[in-house]
Structure formats: C-alpha cells, structure tokens
file structure11.tsv (TSV, C-alpha atoms)
chain	number	residue	atom	x	y	z
A	80	MET	CA	105.75	83.70	118.31
A	81	PRO	CA	104.58	86.50	115.92
A	82	GLY	CA	107.27	87.82	113.63
A	83	ASP	CA	109.88	85.21	114.62
A	84	GLY	CA	110.57	84.51	110.94
A	85	ARG	CA	109.99	80.73	111.05
A	86	ARG	CA	106.27	80.63	110.44
A	87	THR	CA	104.26	81.65	107.41
A	88	ALA	CA	102.20	84.81	107.62
A	89	ARG	CA	100.90	87.60	105.35
A	90	TRP	CA	103.22	90.59	105.21
A	91	ALA	CA	102.59	94.06	103.82
A	92	LEU	CA	105.08	96.62	102.60
A	93	LEU	CA	103.78	100.02	103.69
A	94	MET	CA	105.18	103.29	102.40
A	95	GLU	CA	104.89	106.49	104.41
A	96	ASN	CA	104.73	109.45	102.05
A	97	PRO	CA	106.65	112.64	102.77
A	98	PRO	CA	104.49	115.47	104.12
A	99	GLY	CA	103.39	118.28	101.85
A	100	PRO	CA	100.93	119.18	99.12
A	101	GLY	CA	99.54	116.17	97.31
A	102	ALA	CA	100.30	113.78	100.19
A	103	TRP	CA	96.61	113.22	100.80
A	104	HIS	CA	97.20	109.86	102.44
A	105	LEU	CA	100.01	109.15	104.81
A	106	PHE	CA	100.50	105.42	104.13
A	107	GLU	CA	100.21	103.36	100.96
A	108	GLN	CA	100.19	99.57	100.84
A	109	MET	CA	102.79	98.89	98.16
A	110	ALA	CA	102.86	95.08	98.16
A	111	MET	CA	101.64	92.01	100.02
A	112	VAL	CA	103.37	88.63	100.30
A	113	GLU	CA	102.75	85.33	102.09
A	114	GLY	CA	105.76	83.60	103.65
A	115	THR	CA	108.24	83.90	106.46
A	116	HIS	CA	109.53	87.24	107.71
A	117	GLU	CA	112.90	86.57	106.03
A	118	GLU	CA	111.17	85.87	102.70
A	119	ALA	CA	109.19	89.10	103.02
A	120	VAL	CA	112.36	91.09	103.77
A	121	GLU	CA	114.07	89.59	100.70
A	122	ARG	CA	111.15	90.23	98.32
A	123	PHE	CA	110.35	93.69	99.64
A	124	GLY	CA	114.03	94.61	99.66
A	125	GLU	CA	114.13	94.10	95.90
A	126	PHE	CA	111.00	96.24	95.51
A	127	VAL	CA	112.56	99.07	97.54
A	128	ARG	CA	115.85	98.83	95.61
A	129	LEU	CA	113.94	99.40	92.35
A	130	TYR	CA	111.64	102.13	93.73
A	131	ARG	CA	112.09	105.61	92.24
A	132	PRO	CA	110.61	108.41	94.40
A	133	LYS	CA	107.99	110.72	92.88
A	134	HIS	CA	109.67	113.69	94.52
A	135	PRO	CA	111.89	115.49	94.09
A	136	ARG	CA	111.05	115.86	90.42
A	137	TYR	CA	114.71	116.55	89.57
A	138	PRO	CA	116.77	114.59	92.11
A	139	VAL	CA	120.43	115.30	92.58
A	140	ARG	CA	120.85	112.39	94.98
A	141	VAL	CA	118.81	109.41	96.23
A	142	ARG	CA	119.92	107.34	99.24
A	143	ARG	CA	118.50	104.14	100.74
A	144	PHE	CA	118.96	103.22	104.40
A	145	ARG	CA	118.08	99.97	106.19
A	146	THR	CA	116.07	100.50	109.38
A	147	GLY	CA	114.95	98.14	112.14
A	148	ASN	CA	111.71	97.23	110.36
A	149	GLY	CA	112.25	98.30	106.74
A	150	TRP	CA	113.98	101.01	104.75
A	151	MET	CA	114.17	104.77	104.33
A	152	VAL	CA	114.63	106.27	100.86
A	153	ILE	CA	115.58	109.95	100.82
A	154	GLY	CA	115.57	111.97	97.63
A	155	GLU	CA	117.39	115.30	97.59
A	156	GLY	CA	116.26	117.88	95.05
A	157	SER	CA	118.11	120.50	93.06
A	158	GLY	CA	116.31	123.16	95.13
A	159	GLY	CA	117.80	121.79	98.34
A	160	GLY	CA	114.72	119.98	99.69
A	161	SER	CA	114.73	116.43	101.08
A	162	PHE	CA	111.89	113.99	100.55
A	163	PRO	CA	111.90	110.99	102.93
A	164	TYR	CA	109.95	107.84	102.04
A	165	ARG	CA	109.75	105.33	104.88
A	166	PHE	CA	109.06	101.68	103.98
A	167	SER	CA	107.90	99.40	106.80
A	168	ILE	CA	107.16	95.69	106.91
A	169	ALA	CA	103.99	94.83	108.79
A	170	GLU	CA	102.40	91.48	109.58
A	171	LEU	CA	98.68	91.18	108.81
A	172	GLU	CA	97.13	90.30	112.15
A	173	TRP	CA	93.42	90.55	111.34
A	174	ASP	CA	91.22	91.24	108.31
A	175	SER	CA	87.50	91.92	108.43
A	176	GLY	CA	87.07	90.74	104.84
A	177	PRO	CA	84.66	92.55	102.49
A	178	ILE	CA	82.14	94.74	104.30
A	179	ALA	CA	78.66	94.96	102.78
A	180	TYR	CA	76.46	98.02	103.31
call {"tool": "encode", "arguments": {"input": "structure11.tsv", "output": "structure tokens"}}
result
Amino acid sequence: MPGDGRRTARWALLMENPPGPGAWHLFEQMAMVEGTHEEAVERFGEFVRLYRPKHPRYPVRVRRFRTGNGWMVIGEGSGGGSFPYRFSIAELEWDSGPIAY
C-alpha cells in the first residue's frame, strides 16, 4: 500500500514559500531520499530542524510545528510580520525522465 512506511520508495521534501515579492515559485524541492516513509521523516526532520528561513531578515522568533505530512516553520519579524514556510513529504509516483526537444 503506498505510503504505508514498510516499503522503499523515493520521497521528496517540498517547501512552500510564503507569498509576497520574490516568491516567484510556490514550491521548491529541497531534498530527495530513497527509503521507507519513516526513514524519510527522520532524515527530512533533521533538515527542517537546521533550516533557517530567508525571511524575515531580522527574526525575533522562529517556531517549528509538526503537521500531518511534514512541518511548518514560522518566522516572526521585528516589524510584526509572519512568514510561514510549509514543508511537506511527498512520494514520487511517476517520473517522465529527461525530455528531449
């Protein structure tokens, strides 16, 4: 069964950028790992723990929350703004491979 954690698959850590100027792409693929779902959660969890948000430039507080399928990192700036970064774990289901034109 997909995502049951017992079988090996390719997993991606996707980061959803906060909206605003300079957020020209909504999602970034931050990392890719092959293994079980539990192994992916463990490896990506370390990545997210070490991640430092680009915004706010001068944070007064950064919090990390565990969600159902990843994490949410919220940076609060000295100007009062909040910058949410959502990290999701996704299983690679299909890949076209290189496309030649």
call {"tool": "atom_distance", "arguments": {"input": "structure11.tsv", "atom1": "CA of Arg122 (chain A)", "atom2": "CA of Arg136 (chain A)"}}
result
26.8 Å
call {"tool": "residues_around", "arguments": {"input": "structure11.tsv", "residues": "Gly149 (chain A)", "least_positions_apart": "4", "cutoff": "7 Å", "atoms": "all atoms listed in the file", "output": "ChimeraX atom specification"}}
result
/A:145,166-168
call {"tool": "write_last_selection", "arguments": {"input": "structure11.tsv", "atoms": "C-alpha atoms", "output": "compact mmCIF listing (two decimals), keeping the file's coordinate frame"}}
result
# COMPACT_ATOMS: atom_id res chain seq x y z
CA ARG A 145 118.08 99.97 106.19
CA PHE A 166 109.06 101.68 103.98
CA SER A 167 107.90 99.40 106.80
CA ILE A 168 107.16 95.69 106.91
call {"tool": "atom_distance", "arguments": {"input": "structure11.tsv", "atom1": "CA of Gly160 (chain A)", "atom2": "CA of Asn96 (chain A)"}}
result
14.7 Å
call {"tool": "atom_distance", "arguments": {"input": "structure11.tsv", "atom1": "CA of Glu170 (chain A)", "atom2": "CA of Gly114 (chain A)"}}
result
10.4 Å
call {"tool": "residues_around", "arguments": {"input": "structure11.tsv", "residues": "Thr87 (chain A)", "least_positions_apart": "5", "cutoff": "8 Å", "atoms": "only C-alpha atoms", "output": "JSON, numbers by chain"}}
result
{"A": [113, 114, 115, 116]}
call {"tool": "closest_residue", "arguments": {"input": "structure11.tsv", "among": "A:Ala88, A:Ser161, A:Gly156, A:Trp150", "to": "Glu117 (chain A)", "atoms": "only C-alpha atoms"}}
result
A:Ala88
call {"tool": "residues_around", "arguments": {"input": "structure11.tsv", "residues": "Met94 (chain A)", "least_positions_apart": "6", "cutoff": "8 Å", "atoms": "all atoms listed in the file", "output": "VMD selection string"}}
result
chain A and resid 106 to 109 164 to 167
call {"tool": "closest_residue", "arguments": {"input": "structure11.tsv", "among": "A:Ala169, A:Gly176, A:Val112, A:Leu105", "to": "Gly147 (chain A)", "atoms": "only C-alpha atoms"}}
result
A:Ala169
call {"tool": "residues_near_point", "arguments": {"input": "structure11.tsv", "point": "(115.7, 99.6, 94.5)", "cutoff": "12 Å", "atoms": "all atoms listed in the file", "output": "list in words"}}
result
Glu121, Arg122, Phe123, Gly124, Glu125, Phe126, Val127, Arg128, Leu129, Tyr130, Arg131, Pro132, Val141, Arg142, Arg143, Phe144, Arg145, Trp150, Met151, Val152 and Phe166 of chain A
call {"tool": "closest_residue", "arguments": {"input": "structure11.tsv", "among": "A:Leu92, A:Asp174, A:Arg85, A:Pro97", "to": "Gly154 (chain A)", "atoms": "all atoms listed in the file"}}
result
A:Pro97
call {"tool": "closest_residue", "arguments": {"input": "structure11.tsv", "among": "A:Pro163, A:Thr146, A:Ser175, A:Val120", "to": "Pro98 (chain A)", "atoms": "only C-alpha atoms"}}
result
A:Pro163
